[in-house]
file protein-v7.csv (CSV, C-alpha atoms and all ligand atoms)
chain,number,residue,atom,x,y,z
A,175,MET,CA,15.3,80.2,-6.1
A,176,ASN,CA,16.7,80.9,-9.6
A,177,LEU,CA,20.2,79.9,-10.4
A,178,SER,CA,22.3,81.1,-13.3
A,179,SER,CA,23.7,78.4,-15.5
A,180,GLU,CA,27.1,79.2,-14.1
A,181,GLN,CA,25.9,78.9,-10.6
A,182,GLY,CA,24.2,75.6,-11.5
A,183,SER,CA,27.3,74.1,-13.0
A,184,ASP,CA,29.3,75.2,-9.9
A,185,LEU,CA,26.8,73.4,-7.7
A,186,SER,CA,26.8,70.3,-9.9
A,187,MET,CA,30.7,70.3,-9.8
A,188,LEU,CA,30.5,70.5,-6.0
A,189,GLY,CA,28.1,67.6,-5.9
A,190,LEU,CA,30.3,65.6,-8.2
A,191,GLN,CA,33.4,66.3,-6.0
A,192,ARG,CA,31.5,65.2,-2.9
A,193,GLN,CA,30.3,62.1,-4.7
A,194,LEU,CA,33.9,61.3,-5.7
A,195,ARG,CA,35.1,62.0,-2.1
A,196,ASP,CA,32.4,59.8,-0.6
A,197,ASP,CA,33.2,57.0,-3.1
A,198,ALA,CA,36.9,57.2,-2.2
A,199,ILE,CA,36.2,56.9,1.5
A,200,SER,CA,33.8,54.0,1.1
A,201,THR,CA,36.1,52.1,-1.3
A,202,ALA,CA,39.1,52.5,1.1
A,203,LEU,CA,37.0,51.4,4.1
A,204,ASN,CA,35.6,48.4,2.2
A,205,SER,CA,39.0,47.3,0.9
A,206,HIS,CA,41.3,48.1,3.8
A,207,GLY,CA,39.1,48.9,6.8
A,208,TYR,CA,40.4,52.5,7.1
A,209,PHE,CA,40.8,55.7,5.2
A,210,PHE,CA,43.6,58.2,5.8
A,211,LEU,CA,44.0,61.7,4.3
A,212,LYS,CA,46.7,64.2,5.1
A,213,GLU,CA,45.8,67.8,6.0
A,214,TRP,CA,42.1,67.4,5.1
A,215,GLN,CA,40.4,70.8,5.5
A,216,PRO,CA,42.2,71.7,8.7
A,217,GLU,CA,40.0,74.8,8.9
A,218,THR,CA,36.8,72.8,9.1
A,219,SER,CA,35.6,71.6,12.5
A,220,THR,CA,35.7,67.8,13.2
A,221,PHE,CA,31.9,67.9,13.8
A,222,GLU,CA,31.2,69.7,10.5
A,223,LEU,CA,33.4,67.4,8.5
A,224,ALA,CA,31.9,64.3,10.0
A,225,CYS,CA,28.4,65.5,9.3
A,226,SER,CA,29.3,66.1,5.7
A,227,ILE,CA,30.4,62.5,5.2
A,228,GLY,CA,27.9,60.5,7.3
A,229,SER,CA,25.7,60.2,10.3
A,230,VAL,CA,27.3,61.2,13.6
A,231,VAL,CA,26.6,59.0,16.7
A,232,ASP,CA,24.9,61.4,19.2
A,233,LEU,CA,26.8,60.3,22.3
A,234,GLU,CA,25.6,63.3,24.2
A,235,LYS,CA,22.1,62.0,23.9
A,236,ILE,CA,22.4,58.2,24.0
A,237,ALA,CA,25.1,58.1,26.8
A,238,ALA,CA,24.0,61.3,28.6
A,239,ALA,CA,24.6,59.6,32.0
A,240,TYR,CA,28.3,59.2,31.2
A,241,LYS,CA,28.7,62.8,30.1
A,242,LEU,CA,30.3,61.9,26.8
A,243,ALA,CA,30.9,64.6,24.3
A,244,ASN,CA,30.1,64.0,20.6
A,245,VAL,CA,33.6,65.3,19.8
A,246,GLN,CA,36.2,64.1,22.3
A,247,ALA,CA,39.6,65.6,22.8
A,248,LEU,CA,42.3,63.0,23.2
A,249,LYS,CA,45.3,64.4,25.0
A,250,PRO,CA,48.2,62.4,26.5
A,251,ARG,CA,48.3,62.4,30.3
A,252,GLU,CA,49.9,60.5,33.1
A,253,SER,CA,48.1,57.5,34.4
A,254,ASP,CA,45.6,58.0,37.3
A,255,GLU,CA,45.1,54.7,39.2
A,256,SER,CA,42.3,56.3,41.3
A,257,SER,CA,40.1,56.4,38.2
A,258,PRO,CA,40.9,53.4,36.0
A,259,HIS,CA,38.0,54.0,33.6
A,260,SER,CA,39.8,54.9,30.4
A,261,TYR,CA,42.9,53.9,28.5
A,262,SER,CA,44.6,57.1,29.3
A,263,SER,CA,44.0,56.8,33.1
A,264,VAL,CA,45.3,53.2,33.1
A,265,TYR,CA,48.2,53.4,30.6
A,266,GLY,CA,49.1,57.0,30.8
A,267,LEU,CA,51.9,57.8,28.3
A,268,LYS,CA,52.6,54.1,27.6
A,269,GLY,CA,51.4,52.4,24.5
A,270,PHE,CA,47.7,51.5,24.3
A,271,PRO,CA,47.1,47.8,23.3
A,272,LEU,CA,45.0,47.0,20.2
A,273,HIS,CA,41.3,47.2,20.8
A,274,THR,CA,38.0,48.2,19.3
A,275,ASP,CA,36.1,51.1,20.8
A,276,TYR,CA,33.0,50.6,23.1
A,277,ALA,CA,33.5,46.9,22.7
A,278,HIS,CA,31.3,46.3,25.8
A,279,TRP,CA,28.3,47.8,23.9
A,280,GLY,CA,25.8,45.4,22.4
A,281,THR,CA,26.3,47.2,19.1
A,282,PRO,CA,29.6,49.2,19.1
A,283,PRO,CA,29.8,52.4,16.9
A,284,ARG,CA,30.5,51.4,13.3
A,285,PHE,CA,33.2,54.0,12.5
A,286,LEU,CA,35.5,56.4,14.4
A,287,MET,CA,37.1,59.4,13.0
A,288,LEU,CA,40.4,60.6,14.4
A,289,ARG,CA,41.5,64.1,13.5
A,290,CYS,CA,44.8,65.7,14.3
A,291,GLN,CA,44.9,69.2,15.9
A,292,ALA,CA,48.4,68.9,17.1
A,293,GLY,CA,50.6,65.9,16.5
A,294,ASP,CA,54.1,64.5,16.3
A,295,PRO,CA,55.7,61.9,13.9
A,296,SER,CA,57.0,60.0,16.9
A,297,VAL,CA,53.5,58.9,18.0
A,298,ILE,CA,52.1,56.1,15.9
A,299,THR,CA,48.5,54.9,15.6
A,300,TYR,CA,48.5,51.1,15.0
A,301,LEU,CA,45.7,49.3,13.1
A,302,LEU,CA,45.1,45.6,12.7
A,303,PRO,CA,42.4,44.1,10.5
A,304,SER,CA,40.3,41.5,12.3
A,305,SER,CA,40.6,39.4,9.2
A,306,CYS,CA,44.3,38.8,10.0
A,307,ILE,CA,43.1,37.4,13.4
A,308,ALA,CA,40.3,35.3,11.8
A,309,ASP,CA,42.7,33.8,9.3
A,310,HIS,CA,44.8,32.3,12.2
A,311,ALA,CA,42.0,31.6,14.7
A,312,GLY,CA,40.2,28.7,13.0
A,313,GLN,CA,37.0,27.9,14.8
A,314,ILE,CA,37.7,29.5,18.1
A,315,ILE,CA,36.8,33.0,16.9
A,316,ASP,CA,33.1,32.1,16.7
A,317,ARG,CA,33.2,30.4,20.1
A,318,ALA,CA,35.0,33.1,22.0
A,319,ILE,CA,32.9,34.8,24.7
A,320,VAL,CA,34.0,37.8,26.8
A,321,VAL,CA,32.4,39.7,29.6
A,322,PRO,CA,32.8,43.3,30.8
A,323,ARG,CA,34.9,43.6,34.0
A,324,ARG,CA,32.6,44.5,36.9
A,325,LYS,CA,33.1,48.1,38.1
A,326,HIS,CA,31.3,47.3,41.3
A,327,PRO,CA,29.8,44.1,42.9
A,328,ALA,CA,26.2,45.0,42.2
A,329,GLN,CA,26.7,45.7,38.5
A,330,THR,CA,24.8,43.4,36.1
A,331,ILE,CA,27.0,42.2,33.3
A,332,CYS,CA,26.2,40.2,30.1
A,333,PRO,CA,28.5,37.8,28.2
A,334,LEU,CA,29.2,39.0,24.7
A,335,ALA,CA,30.3,37.1,21.6
A,336,VAL,CA,33.6,38.4,20.2
A,337,ARG,CA,32.3,38.0,16.7
A,338,TYR,CA,28.8,39.3,16.3
A,339,ARG,CA,26.3,39.9,13.5
A,340,LYS,CA,24.4,43.2,13.2
A,341,ALA,CA,22.4,44.6,10.3
A,342,GLY,CA,23.6,41.8,8.0
A,343,ARG,CA,27.3,42.4,8.7
A,344,THR,CA,29.8,40.6,10.9
A,345,GLY,CA,31.7,42.6,13.5
A,346,PHE,CA,34.6,41.9,15.9
A,347,ARG,CA,34.9,43.3,19.4
A,348,TRP,CA,38.2,43.2,21.4
A,349,ASP,CA,39.3,45.0,24.5
A,350,SER,CA,41.8,43.3,26.8
A,351,LEU,CA,41.4,46.1,29.4
A,352,PHE,CA,37.6,46.3,30.0
A,353,LEU,CA,36.5,42.9,28.7
A,354,ARG,CA,37.8,39.6,30.1
A,355,PRO,CA,37.8,36.1,28.5
A,356,LEU,CA,34.9,33.9,29.7
A,357,ASN,CA,35.9,30.7,28.0
A,358,GLN,CA,39.0,28.9,26.7
A,359,ALA,CA,38.3,30.0,23.1
A,360,ALA,CA,38.6,33.7,24.2
A,361,GLU,CA,41.8,33.0,26.1
A,362,ALA,CA,43.3,31.2,23.0
A,363,LEU,CA,42.1,34.1,20.8
A,364,ALA,CA,44.0,36.6,23.1
A,365,ASP,CA,47.2,34.7,22.1
A,366,VAL,CA,46.3,35.0,18.4
A,367,VAL,CA,45.6,38.8,18.8
A,368,GLN,CA,49.0,39.2,20.5
A,369,ALA,CA,50.9,37.2,17.8
A,370,ARG,CA,49.2,39.0,14.9
A,371,SER,CA,49.7,42.4,16.4
A,372,ASN,CA,53.4,41.9,16.3
A,373,LEU,CA,53.3,40.7,12.6
A,374,ASP,CA,50.4,42.4,10.8
A,375,GLN,CA,49.8,45.8,12.3
A,376,ILE,CA,49.7,48.9,10.1
A,377,ALA,CA,51.4,52.1,11.3
A,378,ILE,CA,49.9,55.5,10.7
A,379,THR,CA,51.3,58.9,11.9
A,380,MET,CA,49.1,61.9,12.3
A,381,HIS,CA,51.2,64.9,12.9
A,382,ASP,CA,49.8,67.8,10.8
A,383,PRO,CA,46.6,69.6,11.6
A,384,GLY,CA,43.8,68.1,9.5
A,385,ASP,CA,45.4,64.6,9.2
A,386,THR,CA,42.3,62.5,9.3
A,387,LEU,CA,41.9,58.7,9.9
A,388,ILE,CA,38.5,57.0,9.6
A,389,ILE,CA,38.5,53.4,11.0
A,390,ASP,CA,35.9,50.7,10.6
A,391,ASN,CA,35.4,49.8,14.3
A,392,TRP,CA,33.7,46.6,13.4
A,393,HIS,CA,36.6,45.2,11.4
A,394,MET,CA,39.7,46.9,12.6
A,395,LEU,CA,41.5,47.1,16.0
A,396,HIS,CA,43.5,50.2,16.8
A,397,GLY,CA,46.1,51.2,19.4
A,398,ARG,CA,48.8,53.8,20.0
A,399,SER,CA,52.5,53.9,20.6
A,400,GLU,CA,53.9,55.4,23.7
A,401,VAL,CA,54.1,59.2,23.9
A,402,PRO,CA,57.4,60.9,24.7
A,403,HIS,CA,57.2,63.6,27.4
A,404,ARG,CA,58.2,66.3,24.8
A,405,VAL,CA,54.9,65.8,22.9
A,406,LEU,CA,52.4,66.2,25.7
A,407,ASN,CA,50.7,68.9,23.6
A,408,ARG,CA,49.5,66.1,21.2
A,409,HIS,CA,45.8,66.7,20.5
A,410,ILE,CA,43.6,64.4,18.5
A,411,GLU,CA,39.8,64.8,18.2
A,412,ARG,CA,37.6,61.7,18.0
A,413,ILE,CA,34.0,61.4,16.8
A,414,TYR,CA,31.9,58.3,16.0
A,415,LEU,CA,29.7,57.7,12.9
A,416,SER,CA,27.0,55.1,12.4
A,417,ASN,CA,27.0,55.3,8.7
A,418,LEU,CA,28.9,56.9,5.7
A,419,ARG,CA,27.1,58.4,2.7
A,420,GLY,CA,29.2,56.6,0.2
A,421,LEU,CA,28.7,53.1,1.8
A,422,LYS,CA,26.4,50.8,0.0
B,1,FE,FE,40.3,53.5,21.1
call {"tool": "encode", "arguments": {"input": "protein-v7.csv", "output": "structure tokens", "more": "lines below"}}
Ligand SMILES: [Fe+2]
result
Amino acid sequence: MNLSSEQGSDLSMLGLQRQLRDDAISTALNSHGYFFLKEWQPETSTFELACSIGSVVDLEKIAAAYKLANVQALKPRESDESSPHSYSSVYGLKGFPLHTDYAHWGTPPRFLMLRCQAGDPSVITYLLPSSCIADHAGQIIDRAIVVPRRKHPAQTICPLAVRYRKAGRTGFRWDSLFLRPLNQAAEALADVVQARSNLDQIAITMHDPGDTLIIDNWHMLHGRSEVPHRVLNRHIERIYLSNLRGLK
């Protein structure tokens, strides 16, 4: 293919813009554990945008038995005690406690991207760096062991270290709903998480289409405030990434 010099410079400018964008995302994630951008290409699909910045976790393939979609629609709904298998079904419109996603996996997804389709400023996404917990947890953080709650008596479950090491990096898992403490260190750590969530959590509001939040799921906990009945049309899309192009 032959390109005119003008086309070539357009393409190199596009490449530079993408490089700058990828660098900005990785710098924010390395420094703060999250990246937030208002009204980021609202006309671009969540899947397309995620593919342009990193490697999407193919949940449809690796968790086919659970019928998980690669792009998940998060919409507020009333609690449903007959099927207590998700935060929405347990907490309904109430606030969601701080947690990391898929904390019961041996290796949880590294990043999650939340993207607003329809939002409201009254609903807040909370973030808490695991470093704030580690700073106040002393030695217990490396001794804390949790175990998934059994869904049925025959289910085989494996204890998990709260702080884990994968691919040369340290990660932190936390989920007070689907994981239970297995030792005193984990019980004591739950008190630290509760205390720090009241003091150190960061508040983000996603209320315009395209508002996009990327969270380092190995280093940040996240939660949600309660949802007023008047904003039941809230719609956030979620997708997971295993890597980001700009991350060294
Ligand atoms: Fe979550």
call {"tool": "residues_around", "arguments": {"input": "protein-v7.csv", "residues": "His310 (chain A)", "least_positions_apart": "4", "cutoff": "9 Å", "atoms": "only C-alpha atoms", "output": "list in words"}}
result
Ser305, Cys306, Val366 and Arg370 of chain A
call {"tool": "write_last_selection", "arguments": {"input": "protein-v7.csv", "atoms": "C-alpha atoms", "output": "PDB file, keeping the file's coordinate frame"}}
result
ATOM      1  CA  SER A 305      40.600  39.400   9.200  1.00  0.00           C
ATOM      2  CA  CYS A 306      44.300  38.800  10.000  1.00  0.00           C
ATOM      3  CA  VAL A 366      46.300  35.000  18.400  1.00  0.00           C
ATOM      4  CA  ARG A 370      49.200  39.000  14.900  1.00  0.00           C
TER       5      ARG A 370
END
call {"tool": "closest_atom_pairs", "arguments": {"input": "protein-v7.csv", "of": "chain A", "to": "ligand FE 1 (chain B)", "cutoff": "12 Å", "atoms": "all atoms listed in the file", "output": "Markdown table"}}
result
| residue | atom | partner | partner_atom | distance |
| --- | --- | --- | --- | --- |
| A:Gln246 | CA | B:FE1 | FE | 11.4 |
| A:Leu248 | CA | B:FE1 | FE | 9.9 |
| A:Ser260 | CA | B:FE1 | FE | 9.4 |
| A:Tyr261 | CA | B:FE1 | FE | 7.9 |
| A:Ser262 | CA | B:FE1 | FE | 9.9 |
| A:Gly269 | CA | B:FE1 | FE | 11.7 |
| A:Phe270 | CA | B:FE1 | FE | 8.3 |
| A:Pro271 | CA | B:FE1 | FE | 9.1 |
| A:Leu272 | CA | B:FE1 | FE | 8.1 |
| A:His273 | CA | B:FE1 | FE | 6.4 |
| A:Thr274 | CA | B:FE1 | FE | 6.1 |
| A:Asp275 | CA | B:FE1 | FE | 4.8 |
| A:Tyr276 | CA | B:FE1 | FE | 8.1 |
| A:Ala277 | CA | B:FE1 | FE | 9.6 |
| A:Pro282 | CA | B:FE1 | FE | 11.7 |
| A:Pro283 | CA | B:FE1 | FE | 11.4 |
| A:Phe285 | CA | B:FE1 | FE | 11.2 |
| A:Leu286 | CA | B:FE1 | FE | 8.7 |
| A:Met287 | CA | B:FE1 | FE | 10.5 |
| A:Leu288 | CA | B:FE1 | FE | 9.8 |
| A:Thr299 | CA | B:FE1 | FE | 10.0 |
| A:Tyr300 | CA | B:FE1 | FE | 10.5 |
| A:Leu301 | CA | B:FE1 | FE | 10.5 |
| A:Arg347 | CA | B:FE1 | FE | 11.7 |
| A:Trp348 | CA | B:FE1 | FE | 10.5 |
| A:Asp349 | CA | B:FE1 | FE | 9.2 |
| A:Ser350 | CA | B:FE1 | FE | 11.8 |
| A:Leu351 | CA | B:FE1 | FE | 11.2 |
| A:Phe352 | CA | B:FE1 | FE | 11.8 |
| A:Ile389 | CA | B:FE1 | FE | 10.3 |
| A:Asp390 | CA | B:FE1 | FE | 11.7 |
| A:Asn391 | CA | B:FE1 | FE | 9.2 |
| A:Met394 | CA | B:FE1 | FE | 10.8 |
| A:Leu395 | CA | B:FE1 | FE | 8.3 |
| A:His396 | CA | B:FE1 | FE | 6.3 |
| A:Gly397 | CA | B:FE1 | FE | 6.5 |
| A:Arg398 | CA | B:FE1 | FE | 8.6 |
| A:Ile410 | CA | B:FE1 | FE | 11.7 |
| A:Glu411 | CA | B:FE1 | FE | 11.7 |
| A:Arg412 | CA | B:FE1 | FE | 9.2 |
| A:Ile413 | CA | B:FE1 | FE | 11.0 |
| A:Tyr414 | CA | B:FE1 | FE | 10.9 |
call {"tool": "residues_around", "arguments": {"input": "protein-v7.csv", "residues": "Thr344 (chain A)", "least_positions_apart": "2", "cutoff": "12 Å", "atoms": "all atoms listed in the file", "output": "PDB file with C-alpha atoms, in the frame of the given file"}}
result
ATOM      1  CA  THR A 281      26.300  47.200  19.100  1.00  0.00           C
ATOM      2  CA  PRO A 282      29.600  49.200  19.100  1.00  0.00           C
ATOM      3  CA  ARG A 284      30.500  51.400  13.300  1.00  0.00           C
ATOM      4  CA  SER A 304      40.300  41.500  12.300  1.00  0.00           C
ATOM      5  CA  SER A 305      40.600  39.400   9.200  1.00  0.00           C
ATOM      6  CA  ALA A 308      40.300  35.300  11.800  1.00  0.00           C
ATOM      7  CA  ILE A 315      36.800  33.000  16.900  1.00  0.00           C
ATOM      8  CA  ASP A 316      33.100  32.100  16.700  1.00  0.00           C
ATOM      9  CA  ALA A 335      30.300  37.100  21.600  1.00  0.00           C
ATOM     10  CA  VAL A 336      33.600  38.400  20.200  1.00  0.00           C
ATOM     11  CA  ARG A 337      32.300  38.000  16.700  1.00  0.00           C
ATOM     12  CA  TYR A 338      28.800  39.300  16.300  1.00  0.00           C
ATOM     13  CA  ARG A 339      26.300  39.900  13.500  1.00  0.00           C
ATOM     14  CA  LYS A 340      24.400  43.200  13.200  1.00  0.00           C
ATOM     15  CA  ALA A 341      22.400  44.600  10.300  1.00  0.00           C
ATOM     16  CA  GLY A 342      23.600  41.800   8.000  1.00  0.00           C
ATOM     17  CA  PHE A 346      34.600  41.900  15.900  1.00  0.00           C
ATOM     18  CA  ARG A 347      34.900  43.300  19.400  1.00  0.00           C
ATOM     19  CA  ASP A 390      35.900  50.700  10.600  1.00  0.00           C
ATOM     20  CA  ASN A 391      35.400  49.800  14.300  1.00  0.00           C
ATOM     21  CA  TRP A 392      33.700  46.600  13.400  1.00  0.00           C
ATOM     22  CA  HIS A 393      36.600  45.200  11.400  1.00  0.00           C
ATOM     23  CA  MET A 394      39.700  46.900  12.600  1.00  0.00           C
TER      24      MET A 394
END
call {"tool": "residues_around", "arguments": {"input": "protein-v7.csv", "residues": "Ser219 (chain A)", "least_positions_apart": "5", "cutoff": "10 Å", "atoms": "all atoms listed in the file", "output": "PyMOL selection string"}}
result
chain A and resi 224-225+245+289+384+411
call {"tool": "atom_distance", "arguments": {"input": "protein-v7.csv", "atom1": "CA of Leu267 (chain A)", "atom2": "CA of Ser296 (chain A)"}}
result
12.7 Å
call {"tool": "atom_distance", "arguments": {"input": "protein-v7.csv", "atom1": "CA of Val297 (chain A)", "atom2": "CA of Ile378 (chain A)"}}
result
8.8 Å
call {"tool": "atom_distance", "arguments": {"input": "protein-v7.csv", "atom1": "CA of Val321 (chain A)", "atom2": "CA of Asp374 (chain A)"}}
result
26.2 Å
call {"tool": "closest_residue", "arguments": {"input": "protein-v7.csv", "among": "A:Leu415, A:Cys332, A:Leu223, A:Val401", "to": "Glu252 (chain A)", "atoms": "only C-alpha atoms"}}
result
A:Val401
call {"tool": "closest_residue", "arguments": {"input": "protein-v7.csv", "among": "A:Ser416, A:Gln291, A:Gln313, A:Gln358", "to": "Glu217 (chain A)", "atoms": "all atoms listed in the file"}}
result
A:Gln291
call {"tool": "residues_around", "arguments": {"input": "protein-v7.csv", "residues": "Leu406 (chain A)", "least_positions_apart": "2", "cutoff": "8 Å", "atoms": "all atoms listed in the file", "output": "number ranges by chain"}}
result
A: 249-251, 401-404, 408
call {"tool": "residues_around", "arguments": {"input": "protein-v7.csv", "residues": "Ser226 (chain A)", "least_positions_apart": "4", "cutoff": "12 Å", "atoms": "only C-alpha atoms", "output": "list in words"}}
result
Gly189, Arg192, Gln193, Arg195, Asp196, Thr218, Ser219, Thr220, Phe221, Glu222, Val230, Leu415, Asn417, Leu418, Arg419 and Gly420 of chain A
call {"tool": "closest_residue", "arguments": {"input": "protein-v7.csv", "among": "A:Pro333, A:Gly280, A:Gly266, A:Pro322", "to": "Glu400 (chain A)", "atoms": "all atoms listed in the file"}}
result
A:Gly266
call {"tool": "closest_residue", "arguments": {"input": "protein-v7.csv", "among": "A:Met380, A:Leu334, A:Ile307, A:Leu387", "to": "Ala364 (chain A)", "atoms": "only C-alpha atoms"}}
result
A:Ile307
call {"tool": "closest_residue", "arguments": {"input": "protein-v7.csv", "among": "A:Pro303, A:His259, A:Asn244, A:Pro327", "to": "Ser229 (chain A)", "atoms": "all atoms listed in the file"}}
result
A:Asn244
call {"tool": "closest_residue", "arguments": {"input": "protein-v7.csv", "among": "A:Cys290, A:Leu421, A:Ile319, A:Ile376", "to": "Lys212 (chain A)", "atoms": "only C-alpha atoms"}}
result
A:Cys290
